[in-house]
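Student: You'll find upload-v1.pdb just under this line, and it carries PDB, C-alpha atoms.
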ATOM      1  CA  MET A   1      14.171  53.178  47.875
ATOM      2  CA  ILE A   2      12.179  54.527  44.931
ATOM      3  CA  SER A   3      15.365  55.690  43.259
ATOM      4  CA  ARG A   4      16.576  52.081  43.315
ATOM      5  CA  ILE A   5      13.359  50.653  41.974
ATOM      6  CA  PHE A   6      13.220  52.970  38.961
ATOM      7  CA  PRO A   7      16.362  51.676  37.229
ATOM      8  CA  LEU A   8      15.225  48.137  37.950
ATOM      9  CA  LEU A   9      11.836  48.830  36.370
ATOM     10  CA  GLY A  10      13.585  50.375  33.394
ATOM     11  CA  PHE A  11      15.780  47.324  33.073
ATOM     12  CA  LEU A  12      12.812  44.947  33.297
ATOM     13  CA  LEU A  13      11.047  46.996  30.617
ATOM     14  CA  LEU A  14      14.061  46.624  28.335
ATOM     15  CA  VAL A  15      14.179  42.876  28.993
ATOM     16  CA  GLY A  16      10.483  42.721  28.137
ATOM     17  CA  LEU A  17      11.093  44.570  24.883
ATOM     18  CA  LEU A  18      13.940  42.206  24.040
ATOM     19  CA  VAL A  19      11.715  39.157  24.579
ATOM     20  CA  VAL A  20       8.949  40.630  22.421
ATOM     21  CA  GLY A  21      11.521  41.645  19.811
ATOM     22  CA  LEU A  22      12.980  38.151  19.656
ATOM     23  CA  LYS A  23       9.502  36.655  19.359
ATOM     24  CA  ILE A  24       8.569  38.777  16.363
ATOM     25  CA  ALA A  25      12.027  38.570  14.806
ATOM     26  CA  ASP A  26      11.053  35.295  13.121
ATOM     27  CA  SER A  27       7.976  36.754  11.534
ATOM     28  CA  LYS A  28       9.751  39.953  10.556
ATOM     29  CA  THR A  29      11.124  38.469   7.369
ATOM     30  CA  ASN A  30       7.572  37.514   6.460
ATOM     31  CA  VAL A  31       6.514  40.843   5.026
ATOM     32  CA  PRO A  32       2.725  40.850   4.622
ATOM     33  CA  SER A  33       1.923  41.046   0.947
ATOM     34  CA  PRO A  34      -0.207  44.008  -0.075
ATOM     35  CA  LEU A  35      -1.329  41.861  -3.011
ATOM     36  CA  ILE A  36      -3.680  39.641  -0.998
ATOM     37  CA  ASP A  37      -7.281  40.206  -2.144
ATOM     38  CA  LYS A  38      -5.983  42.126  -5.146
ATOM     39  CA  PRO A  39      -6.165  41.051  -8.779
ATOM     40  CA  VAL A  40      -3.237  39.045 -10.098
ATOM     41  CA  PRO A  41      -0.712  41.360 -11.791
ATOM     42  CA  ALA A  42      -1.007  41.268 -15.560
ATOM     43  CA  PHE A  43       1.403  38.986 -17.384
ATOM     44  CA  ASP A  44       1.814  37.539 -20.836
ATOM     45  CA  LEU A  45       4.755  35.174 -20.914
ATOM     46  CA  PRO A  46       6.202  32.484 -23.179
ATOM     47  CA  VAL A  47       5.737  28.870 -22.136
ATOM     48  CA  LEU A  48       9.061  27.414 -21.002
ATOM     49  CA  ALA A  49       8.782  24.168 -22.922
ATOM     50  CA  ASN A  50       7.442  25.855 -26.047
ATOM     51  CA  PRO A  51       8.428  29.541 -26.282
ATOM     52  CA  ASP A  52       6.235  30.145 -29.352
ATOM     53  CA  GLN A  53       3.200  29.653 -27.170
ATOM     54  CA  ARG A  54       2.269  32.367 -24.675
ATOM     55  CA  MET A  55       0.080  32.409 -21.626
ATOM     56  CA  SER A  56      -1.524  35.405 -19.975
ATOM     57  CA  ARG A  57      -3.446  36.231 -16.846
ATOM     58  CA  GLU A  58      -6.629  36.318 -18.909
ATOM     59  CA  SER A  59      -6.161  32.813 -20.309
ATOM     60  CA  LEU A  60      -6.021  31.424 -16.765
ATOM     61  CA  LEU A  61      -9.273  33.000 -15.592
ATOM     62  CA  GLY A  62     -12.084  30.705 -14.507
ATOM     63  CA  LYS A  63     -10.230  28.161 -12.413
ATOM     64  CA  PRO A  64      -8.207  28.322  -9.216
ATOM     65  CA  TYR A  65      -4.489  28.074  -9.757
ATOM     66  CA  LEU A  66      -1.234  28.201  -7.887
ATOM     67  CA  VAL A  67       1.641  30.393  -9.038
ATOM     68  CA  ASN A  68       4.971  29.080  -7.833
ATOM     69  CA  PHE A  69       8.044  31.234  -8.510
ATOM     70  CA  TRP A  70      11.112  29.092  -8.979
ATOM     71  CA  GLY A  71      14.529  29.028 -10.600
ATOM     72  CA  SER A  72      17.174  26.410 -11.210
ATOM     73  CA  TRP A  73      19.552  28.651  -9.216
ATOM     74  CA  CYS A  74      17.302  28.535  -6.175
ATOM     75  CA  VAL A  75      18.375  26.045  -3.547
ATOM     76  CA  THR A  76      15.185  26.301  -1.520
ATOM     77  CA  CYS A  77      13.135  25.566  -4.653
ATOM     78  CA  ARG A  78      14.928  22.263  -4.855
ATOM     79  CA  ALA A  79      14.097  21.679  -1.180
ATOM     80  CA  GLU A  80      10.384  22.340  -1.666
ATOM     81  CA  HIS A  81      10.232  20.398  -4.933
ATOM     82  CA  PRO A  82       9.005  17.141  -3.299
ATOM     83  CA  VAL A  83       6.108  19.015  -1.688
ATOM     84  CA  VAL A  84       5.064  20.579  -4.995
ATOM     85  CA  THR A  85       5.331  17.136  -6.574
ATOM     86  CA  GLU A  86       3.083  15.605  -3.912
ATOM     87  CA  LEU A  87       0.583  18.409  -4.382
ATOM     88  CA  ALA A  88       0.617  17.899  -8.154
ATOM     89  CA  LYS A  89      -0.191  14.217  -7.656
ATOM     90  CA  LEU A  90      -3.445  15.170  -5.917
ATOM     91  CA  ASN A  91      -4.594  16.980  -9.067
ATOM     92  CA  ALA A  92      -6.387  19.402  -6.776
ATOM     93  CA  VAL A  93      -5.204  22.636  -8.292
ATOM     94  CA  TYR A  94      -3.617  23.809 -11.536
ATOM     95  CA  ILE A  95       0.036  24.674 -10.861
ATOM     96  CA  VAL A  96       1.801  27.372 -12.840
ATOM     97  CA  GLY A  97       5.577  27.462 -12.450
ATOM     98  CA  MET A  98       7.051  30.921 -12.888
ATOM     99  CA  ASN A  99      10.615  30.317 -13.919
ATOM    100  CA  PHE A 100      12.207  33.671 -13.223
ATOM    101  CA  ARG A 101      15.662  35.156 -13.750
ATOM    102  CA  ASP A 102      16.793  31.869 -15.185
ATOM    103  CA  GLU A 103      18.245  30.478 -18.396
ATOM    104  CA  SER A 104      15.622  28.341 -20.105
ATOM    105  CA  ALA A 105      18.142  25.587 -20.842
ATOM    106  CA  ASP A 106      19.077  25.385 -17.157
ATOM    107  CA  ALA A 107      15.422  25.402 -16.177
ATOM    108  CA  MET A 108      14.582  22.564 -18.584
ATOM    109  CA  ALA A 109      17.539  20.536 -17.311
ATOM    110  CA  TRP A 110      16.365  21.127 -13.731
ATOM    111  CA  LEU A 111      12.875  19.829 -14.546
ATOM    112  CA  ARG A 112      14.293  16.787 -16.345
ATOM    113  CA  LYS A 113      16.574  16.005 -13.441
ATOM    114  CA  TRP A 114      14.132  16.367 -10.562
ATOM    115  CA  GLY A 115      10.811  15.857 -12.337
ATOM    116  CA  ASN A 116       8.253  18.378 -13.519
ATOM    117  CA  PRO A 117       5.387  18.976 -11.078
ATOM    118  CA  TYR A 118       4.035  21.976 -13.001
ATOM    119  CA  ASP A 119       1.045  21.904 -15.311
ATOM    120  CA  VAL A 120       2.822  24.656 -17.178
ATOM    121  CA  SER A 121       5.970  26.695 -16.628
ATOM    122  CA  LEU A 122       6.284  30.245 -17.916
ATOM    123  CA  THR A 123       9.516  32.116 -18.576
ATOM    124  CA  ASP A 124       9.939  35.398 -16.737
ATOM    125  CA  PHE A 125      13.487  35.884 -17.971
ATOM    126  CA  ASP A 126      14.174  39.427 -16.774
ATOM    127  CA  GLY A 127      12.066  39.082 -13.628
ATOM    128  CA  ARG A 128       9.683  41.913 -14.526
ATOM    129  CA  VAL A 129       6.622  39.857 -13.672
ATOM    130  CA  SER A 130       8.231  38.745 -10.413
ATOM    131  CA  ILE A 131       8.598  42.420  -9.473
ATOM    132  CA  ASP A 132       4.910  43.003 -10.227
ATOM    133  CA  PHE A 133       4.121  40.080  -7.919
ATOM    134  CA  GLY A 134       6.321  41.677  -5.242
ATOM    135  CA  VAL A 135       8.563  38.620  -5.156
ATOM    136  CA  TYR A 136      11.757  39.264  -3.255
ATOM    137  CA  ALA A 137      12.794  35.783  -2.271
ATOM    138  CA  ALA A 138      12.496  32.445  -3.960
ATOM    139  CA  PRO A 139      10.439  30.400  -3.840
ATOM    140  CA  GLU A 140       7.193  32.292  -3.384
ATOM    141  CA  THR A 141       3.772  30.799  -3.934
ATOM    142  CA  PHE A 142       0.457  32.531  -4.674
ATOM    143  CA  LEU A 143      -3.013  31.020  -4.738
ATOM    144  CA  VAL A 144      -5.378  32.642  -7.218
ATOM    145  CA  ASP A 145      -9.151  32.146  -7.257
ATOM    146  CA  PRO A 146     -11.245  31.687 -10.428
ATOM    147  CA  SER A 147     -11.967  35.423 -10.631
ATOM    148  CA  GLY A 148      -8.249  36.146 -10.801
ATOM    149  CA  THR A 149      -7.815  37.418  -7.240
ATOM    150  CA  ILE A 150      -4.848  36.481  -5.087
ATOM    151  CA  VAL A 151      -6.222  34.865  -1.927
ATOM    152  CA  PHE A 152      -3.085  33.517  -0.299
ATOM    153  CA  LYS A 153       0.651  33.932  -0.478
ATOM    154  CA  HIS A 154       3.391  31.831   1.002
ATOM    155  CA  LEU A 155       6.906  33.152   1.267
ATOM    156  CA  GLY A 156       9.789  30.706   1.130
ATOM    157  CA  GLN A 157       9.809  26.947   1.159
ATOM    158  CA  LEU A 158       6.412  25.347   0.768
ATOM    159  CA  THR A 159       5.770  22.705   3.411
ATOM    160  CA  TRP A 160       3.118  20.027   3.483
ATOM    161  CA  GLU A 161       1.555  21.765   6.511
ATOM    162  CA  VAL A 162       1.014  24.879   4.415
ATOM    163  CA  VAL A 163      -0.453  22.814   1.576
ATOM    164  CA  GLU A 164      -2.796  20.980   3.929
ATOM    165  CA  ASN A 165      -3.803  23.846   6.199
ATOM    166  CA  GLU A 166      -3.771  26.841   3.888
ATOM    167  CA  ILE A 167      -3.931  25.869   0.230
ATOM    168  CA  LEU A 168      -6.162  22.801  -0.053
ATOM    169  CA  PRO A 169      -8.963  24.145   2.215
ATOM    170  CA  ARG A 170      -9.073  27.376   0.208
ATOM    171  CA  VAL A 171      -9.220  25.472  -3.077
ATOM    172  CA  ALA A 172     -12.003  23.258  -1.743
ATOM    173  CA  ASN A 173     -13.830  26.359  -0.606
ATOM    174  CA  MET A 174     -13.641  27.928  -4.058
ATOM    175  CA  GLU A 175     -14.973  24.821  -5.690
ATOM    176  CA  SER A 176     -17.912  24.465  -3.333
ATOM    177  CA  GLY A 177     -18.625  28.170  -3.671
ATOM    178  CA  SER A 178     -18.804  28.226  -7.456
TER
ATOM    179  CA  MET B 179      62.681  48.489  14.589
ATOM    180  CA  LYS B 180      61.345  46.094  17.158
ATOM    181  CA  PRO B 181      59.379  43.121  15.806
ATOM    182  CA  ASN B 182      56.324  44.479  17.630
ATOM    183  CA  THR B 183      56.611  47.787  15.831
ATOM    184  CA  VAL B 184      56.902  46.050  12.471
ATOM    185  CA  LEU B 185      53.840  43.987  13.247
ATOM    186  CA  PHE B 186      51.990  47.099  14.303
ATOM    187  CA  VAL B 187      52.816  48.877  11.055
ATOM    188  CA  ILE B 188      51.784  45.882   8.957
ATOM    189  CA  LEU B 189      48.483  45.470  10.807
ATOM    190  CA  THR B 190      47.734  49.170  10.540
ATOM    191  CA  LEU B 191      48.344  49.137   6.809
ATOM    192  CA  THR B 192      46.158  46.064   6.406
ATOM    193  CA  LEU B 193      43.338  47.819   8.212
ATOM    194  CA  ALA B 194      43.753  50.857   6.016
ATOM    195  CA  ILE B 195      43.394  48.705   2.893
ATOM    196  CA  SER B 196      40.211  47.087   4.178
ATOM    197  CA  ALA B 197      38.664  50.531   4.488
ATOM    198  CA  TYR B 198      38.637  50.786   0.721
ATOM    199  CA  ALA B 199      36.479  47.664   0.484
ATOM    200  CA  GLN B 200      33.536  49.630   1.831
ATOM    201  CA  VAL B 201      33.565  52.461  -0.623
ATOM    202  CA  ALA B 202      33.595  50.209  -3.685
ATOM    203  CA  PRO B 203      30.595  51.290  -5.783
ATOM    204  CA  VAL B 204      27.893  48.656  -6.111
ATOM    205  CA  GLN B 205      25.867  50.534  -8.659
ATOM    206  CA  GLU B 206      25.876  50.116 -12.360
ATOM    207  CA  PRO B 207      26.401  53.390 -14.216
ATOM    208  CA  MET B 208      23.124  55.057 -15.061
ATOM    209  CA  VAL B 209      22.423  57.796 -17.528
ATOM    210  CA  PHE B 210      20.150  60.657 -16.589
ATOM    211  CA  GLU B 211      18.850  63.512 -18.664
ATOM    212  CA  THR B 212      19.179  66.127 -15.944
ATOM    213  CA  GLN B 213      21.081  66.604 -12.721
ATOM    214  CA  GLN B 214      17.754  66.904 -10.940
ATOM    215  CA  GLN B 215      16.750  63.413 -12.068
ATOM    216  CA  GLU B 216      20.017  62.037 -10.762
ATOM    217  CA  ASP B 217      19.522  63.713  -7.392
ATOM    218  CA  ARG B 218      16.003  62.337  -7.136
ATOM    219  CA  PHE B 219      17.290  58.880  -8.034
ATOM    220  CA  LYS B 220      19.873  59.055  -5.262
ATOM    221  CA  GLN B 221      17.305  60.257  -2.739
ATOM    222  CA  LEU B 222      14.754  57.580  -3.713
ATOM    223  CA  THR B 223      17.183  54.673  -3.581
ATOM    224  CA  LEU B 224      18.300  55.860  -0.156
ATOM    225  CA  GLU B 225      14.740  55.786   1.118
ATOM    226  CA  LEU B 226      13.688  52.450  -0.330
ATOM    227  CA  ARG B 227      14.541  49.232   1.412
ATOM    228  CA  CYS B 228      16.166  46.293  -0.309
ATOM    229  CA  LEU B 229      13.933  43.414   0.751
ATOM    230  CA  VAL B 230      16.502  40.693   0.242
ATOM    231  CA  CYS B 231      18.920  42.209   2.725
ATOM    232  CA  GLN B 232      16.450  44.028   4.895
ATOM    233  CA  ASN B 233      18.768  46.371   6.670
ATOM    234  CA  GLN B 234      20.161  47.895   3.515
ATOM    235  CA  ASN B 235      18.598  50.420   1.238
ATOM    236  CA  LEU B 236      18.400  50.097  -2.515
ATOM    237  CA  ALA B 237      21.394  52.364  -3.023
ATOM    238  CA  ASP B 238      23.718  50.201  -0.930
ATOM    239  CA  SER B 239      22.633  46.743  -1.855
ATOM    240  CA  ASP B 240      24.353  44.527  -4.363
ATOM    241  CA  ALA B 241      21.539  41.955  -4.456
ATOM    242  CA  GLN B 242      20.055  41.076  -7.835
ATOM    243  CA  LEU B 243      16.655  42.361  -6.748
ATOM    244  CA  ALA B 244      18.194  45.695  -5.763
ATOM    245  CA  HIS B 245      19.795  45.948  -9.227
ATOM    246  CA  ASP B 246      16.444  45.295 -10.867
ATOM    247  CA  LEU B 247      14.570  47.694  -8.629
ATOM    248  CA  ARG B 248      17.140  50.420  -9.217
ATOM    249  CA  ALA B 249      16.661  49.888 -12.938
ATOM    250  CA  GLU B 250      12.918  50.110 -12.384
ATOM    251  CA  VAL B 251      13.255  53.396 -10.462
ATOM    252  CA  HIS B 252      15.573  54.739 -13.151
ATOM    253  CA  GLU B 253      13.133  53.856 -15.898
ATOM    254  CA  MET B 254      10.180  55.421 -14.083
ATOM    255  CA  LEU B 255      12.192  58.592 -13.471
ATOM    256  CA  LEU B 256      13.011  58.903 -17.161
ATOM    257  CA  ALA B 257       9.356  58.259 -17.972
ATOM    258  CA  GLY B 258       8.518  61.357 -15.944
ATOM    259  CA  LYS B 259       6.942  59.678 -12.914
ATOM    260  CA  SER B 260       6.870  61.660  -9.677
ATOM    261  CA  ASP B 261       8.602  60.543  -6.483
ATOM    262  CA  ASP B 262       5.245  59.688  -4.940
ATOM    263  CA  GLU B 263       4.234  57.597  -7.938
ATOM    264  CA  ILE B 264       7.493  55.655  -7.739
ATOM    265  CA  LYS B 265       7.069  55.045  -4.008
ATOM    266  CA  GLN B 266       3.467  54.015  -4.637
ATOM    267  CA  PHE B 267       4.702  51.482  -7.206
ATOM    268  CA  MET B 268       6.965  49.929  -4.572
ATOM    269  CA  VAL B 269       4.364  49.994  -1.786
ATOM    270  CA  GLU B 270       1.758  48.305  -4.009
ATOM    271  CA  ARG B 271       4.139  45.416  -4.481
ATOM    272  CA  TYR B 272       6.121  45.155  -1.280
ATOM    273  CA  GLY B 273       4.011  46.999   1.310
ATOM    274  CA  ASP B 274       4.914  49.895   3.608
ATOM    275  CA  PHE B 275       7.894  47.899   4.790
ATOM    276  CA  VAL B 276       9.758  48.957   1.659
ATOM    277  CA  LEU B 277       9.787  52.572   2.864
ATOM    278  CA  TYR B 278      12.524  53.491   5.286
ATOM    279  CA  ARG B 279      10.429  56.502   6.278
ATOM    280  CA  PRO B 280       7.112  54.915   7.241
ATOM    281  CA  PRO B 281       3.922  56.896   6.620
ATOM    282  CA  VAL B 282       2.042  58.358   9.601
ATOM    283  CA  GLN B 283      -1.020  56.128   9.927
ATOM    284  CA  THR B 284      -2.861  54.296  12.717
ATOM    285  CA  ASN B 285      -0.488  51.328  12.898
ATOM    286  CA  THR B 286       2.592  53.557  13.002
ATOM    287  CA  TYR B 287       1.438  56.143  15.570
ATOM    288  CA  LEU B 288       3.431  54.459  18.323
ATOM    289  CA  LEU B 289       6.493  54.459  16.091
ATOM    290  CA  TRP B 290       6.245  58.192  15.493
ATOM    291  CA  ILE B 291       5.029  59.324  18.909
ATOM    292  CA  GLY B 292       6.876  56.738  21.039
ATOM    293  CA  PRO B 293      10.207  58.591  21.153
ATOM    294  CA  ILE B 294       8.477  61.825  22.176
ATOM    295  CA  ILE B 295       6.646  60.005  24.993
ATOM    296  CA  ILE B 296       9.909  58.469  26.196
ATOM    297  CA  LEU B 297      11.545  61.898  26.076
ATOM    298  CA  LEU B 298       8.705  63.362  28.176
ATOM    299  CA  ILE B 299       8.987  60.544  30.736
ATOM    300  CA  GLY B 300      12.719  61.249  30.936
ATOM    301  CA  ALA B 301      12.051  64.959  31.459
ATOM    302  CA  VAL B 302       9.609  64.220  34.297
ATOM    303  CA  ILE B 303      12.077  61.898  36.028
ATOM    304  CA  LEU B 304      14.811  64.504  35.627
ATOM    305  CA  ARG B 305      12.632  67.229  37.112
ATOM    306  CA  VAL B 306      11.656  65.092  40.106
ATOM    307  CA  ASN B 307      15.296  64.261  40.736
ATOM    308  CA  ILE B 308      16.445  67.853  40.505
ATOM    309  CA  LYS B 309      13.747  68.993  42.930
ATOM    310  CA  LYS B 310      14.659  66.244  45.361
ATOM    311  CA  ARG B 311      18.333  67.175  45.290
ATOM    312  CA  ALA B 312      17.583  70.853  45.669
ATOM    313  CA  ALA B 313      15.501  70.073  48.747
ATOM    314  CA  LEU B 314      18.318  67.888  50.075
ATOM    315  CA  LEU B 315      20.883  70.665  49.563
ATOM    316  CA  GLU B 316      18.710  73.193  51.347
ATOM    317  CA  SER B 317      18.267  70.993  54.371
ATOM    318  CA  THR B 318      21.965  70.186  54.601
ATOM    319  CA  PRO B 319      24.296  72.959  55.740
ATOM    320  CA  VAL B 320      27.376  72.680  53.571
ATOM    321  CA  ASP B 321      29.687  75.253  55.075
ATOM    322  CA  GLU B 322      30.236  73.657  58.434
ATOM    323  CA  PRO B 323      33.335  71.498  58.517
ATOM    324  CA  GLY B 324      32.807  67.821  59.118
ATOM    325  CA  ASN B 325      29.253  68.046  57.940
ATOM    326  CA  GLU B 326      29.705  67.764  54.202
ATOM    327  CA  ALA B 327      26.968  66.561  51.982
ATOM    328  CA  PRO B 328      27.358  62.880  51.154
TER
END
Please re-express this file's structure in structure tokens.

Tutor:
Amino acid sequence: MISRIFPLLGFLLLVGLLVVGLKIADSKTNVPSPLIDKPVPAFDLPVLANPDQRMSRESLLGKPYLVNFWGSWCVTCRAEHPVVTELAKLNAVYIVGMNFRDESADAMAWLRKWGNPYDVSLTDFDGRVSIDFGVYAAPETFLVDPSGTIVFKHLGQLTWEVVENEILPRVANMESGS
Amino acid sequence: MKPNTVLFVILTLTLAISAYAQVAPVQEPMVFETQQQEDRFKQLTLELRCLVCQNQNLADSDAQLAHDLRAEVHEMLLAGKSDDEIKQFMVERYGDFVLYRPPVQTNTYLLWIGPIIILLIGAVILRVNIKKRAALLESTPVDEPGNEAP
């Protein structure tokens, strides 16, 4: 009798593992960023619309801001564009667009075509800054507090739920705290 | 030749051609100062995960990010960084997940010890079974005809 129950138990255990595995499979692609609660990686990049002007991590200190990595080649960026636009309308947080691995002409055309929700876009042409941010998919969005610390990261398409539940409360918190 | 044979030969040849598709090099040529550097580069890119296509390592992947990260590894090697420093660079940005060989730490104990535990459980089950069968054999006379062990 026991010898029959053992294989069955083993099988049930495997089924259990499969169920657990399937459950976490969705979150598996969401690699936790080691950058949370760390200072923003250093950058000093030309402004997309005016390459003579540069912007650095230091020049953004003192206010909360959102860093949104995007490219004209990125289909999901186009999909999240309306959400970023809605967020920009609220004027709740300064939005920095990181245009990475992109041709500036294409990027400008993209902004003209779909509208420009960014307070400023910076050109990370060779993607070096995106590597320092640990970006491996586009879009990726980081929320930075006034002291220059990353407090939140969202991987992939930004949804209004994320804006409402994760980003806006944190921004409000920073403002009441300072 | 029978039509079937012809078809068989054609299909076999087609399969043989497709085998070449897998060995096509994905890597851009890279210049190293020493053979040792090149060996370390190969070893490192085998051990680092490409995060875009998560079940490939950096050496195998043709994704743009893998290209860039290979270039990054190459540059750090030439700059005289150690293997640990290069891995640290990756972990700081992408987390432990980037390492195919995860470090032994509290949240990976199960990963490292799990297989040994399963092996031990298997050994115990095996031992119990062997003992049971030995006892069964002893209690069953085998030599008498018509009374063979089931």

Student: Decode the ChimeraX specification (/A :<12) & /B for the given file into explicit residues and return them as a PyMOL selection string.

Tutor: chain B and resi 227-233+241-251+266-276+296+299-300+303-304+306-307+310

Student: Specify as a list in words each residue included when the PyMOL selection byres ((chain A and resi 103-111) around 9) is applied to this file.

Tutor: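 Applying the PyMOL selection byres ((chain A and resi 103-111) around 9) to the structure shown produces Leu48, Ala49, Gly71, Ser72, Trp73, Asn99, Phe100, Arg101, Asp102, Arg112, Lys113, Trp114, Gly115, Asn116, Pro117, Thr123 and Phe125 of chain A.
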
Student: What is the distance, in Å and to one decimal place, between CA of Ile5 (chain A) and CA of Val302 (chain B)?

Tutor: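 Between CA of Ile5 (chain A) and CA of Val302 (chain B) the gap is 16.0 Å.
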
Student: Can you measure CA of His252 (chain B) to CA of Pro46 (chain A) for me? One decimal in Å is fine.

Tutor: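 Distance reported for this atom pair: 26.1 Å.
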
Student: Taking the file as I've supplied it (selection: the PyMOL selection byres ((chain A and resi 96) around 8)), which residues are included? Please answer as an mmCIF file with C-alpha atoms, keeping the file's coordinate frame.

Tutor:
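Saved as result.cif:
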data_model
loop_
_atom_site.group_PDB
_atom_site.id
_atom_site.type_symbol
_atom_site.label_atom_id
_atom_site.label_comp_id
_atom_site.auth_asym_id
_atom_site.auth_seq_id
_atom_site.Cartn_x
_atom_site.Cartn_y
_atom_site.Cartn_z
ATOM 1 C CA TYR A 65 -4.489 28.074 -9.757
ATOM 2 C CA LEU A 66 -1.234 28.201 -7.887
ATOM 3 C CA VAL A 67 1.641 30.393 -9.038
ATOM 4 C CA ASN A 68 4.971 29.080 -7.833
ATOM 5 C CA TYR A 94 -3.617 23.809 -11.536
ATOM 6 C CA ILE A 95 0.036 24.674 -10.861
ATOM 7 C CA GLY A 97 5.577 27.462 -12.450
ATOM 8 C CA MET A 98 7.051 30.921 -12.888
ATOM 9 C CA TYR A 118 4.035 21.976 -13.001
ATOM 10 C CA ASP A 119 1.045 21.904 -15.311
ATOM 11 C CA VAL A 120 2.822 24.656 -17.178
ATOM 12 C CA SER A 121 5.970 26.695 -16.628
ATOM 13 C CA LEU A 122 6.284 30.245 -17.916
#

Student: Rounded to one decimal, what separation in Å do you get between CA of Gly292 (chain B) and CA of Lys23 (chain A)?

Tutor: 20.3 Å

Student: Which residue is closest to Trp70 (chain A)? Choose from A:Asp124, A:Glu86, A:Glu58, A:Asp52 and count only C-alpha atoms.

Tutor: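 Checking each candidate against Trp70 (chain A), we get A:Asp124 as the closest.
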
Student: Which residues, written as a short mmCIF file (atom, residue, chain, number, x, y, z; two decimals) with C-alpha atoms, in the frame of the given file, have at least one atom at most 9 Å from Thr141 (chain A), with all atoms listed in the file counted and residues fewer than 6 positions away on the same chain left out?

Tutor:
data_model
loop_
_atom_site.label_atom_id
_atom_site.label_comp_id
_atom_site.auth_asym_id
_atom_site.auth_seq_id
_atom_site.Cartn_x
_atom_site.Cartn_y
_atom_site.Cartn_z
CA LEU A 66 -1.23 28.20 -7.89
CA VAL A 67 1.64 30.39 -9.04
CA ASN A 68 4.97 29.08 -7.83
CA PHE A 69 8.04 31.23 -8.51
CA PHE A 152 -3.08 33.52 -0.30
CA LYS A 153 0.65 33.93 -0.48
CA HIS A 154 3.39 31.83 1.00
CA LEU A 155 6.91 33.15 1.27
CA GLY A 156 9.79 30.71 1.13
CA GLN A 157 9.81 26.95 1.16
CA LEU A 158 6.41 25.35 0.77
#

Student: I need the residue nearest Thr85 (chain A) from this list: A:Thr159, A:Ser176, A:Asn165, A:Gln53. Use only C-alpha atoms for the distance.

Tutor: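 Once distances to Thr85 (chain A) are computed over only C-alpha atoms, the minimum belongs to A:Thr159.
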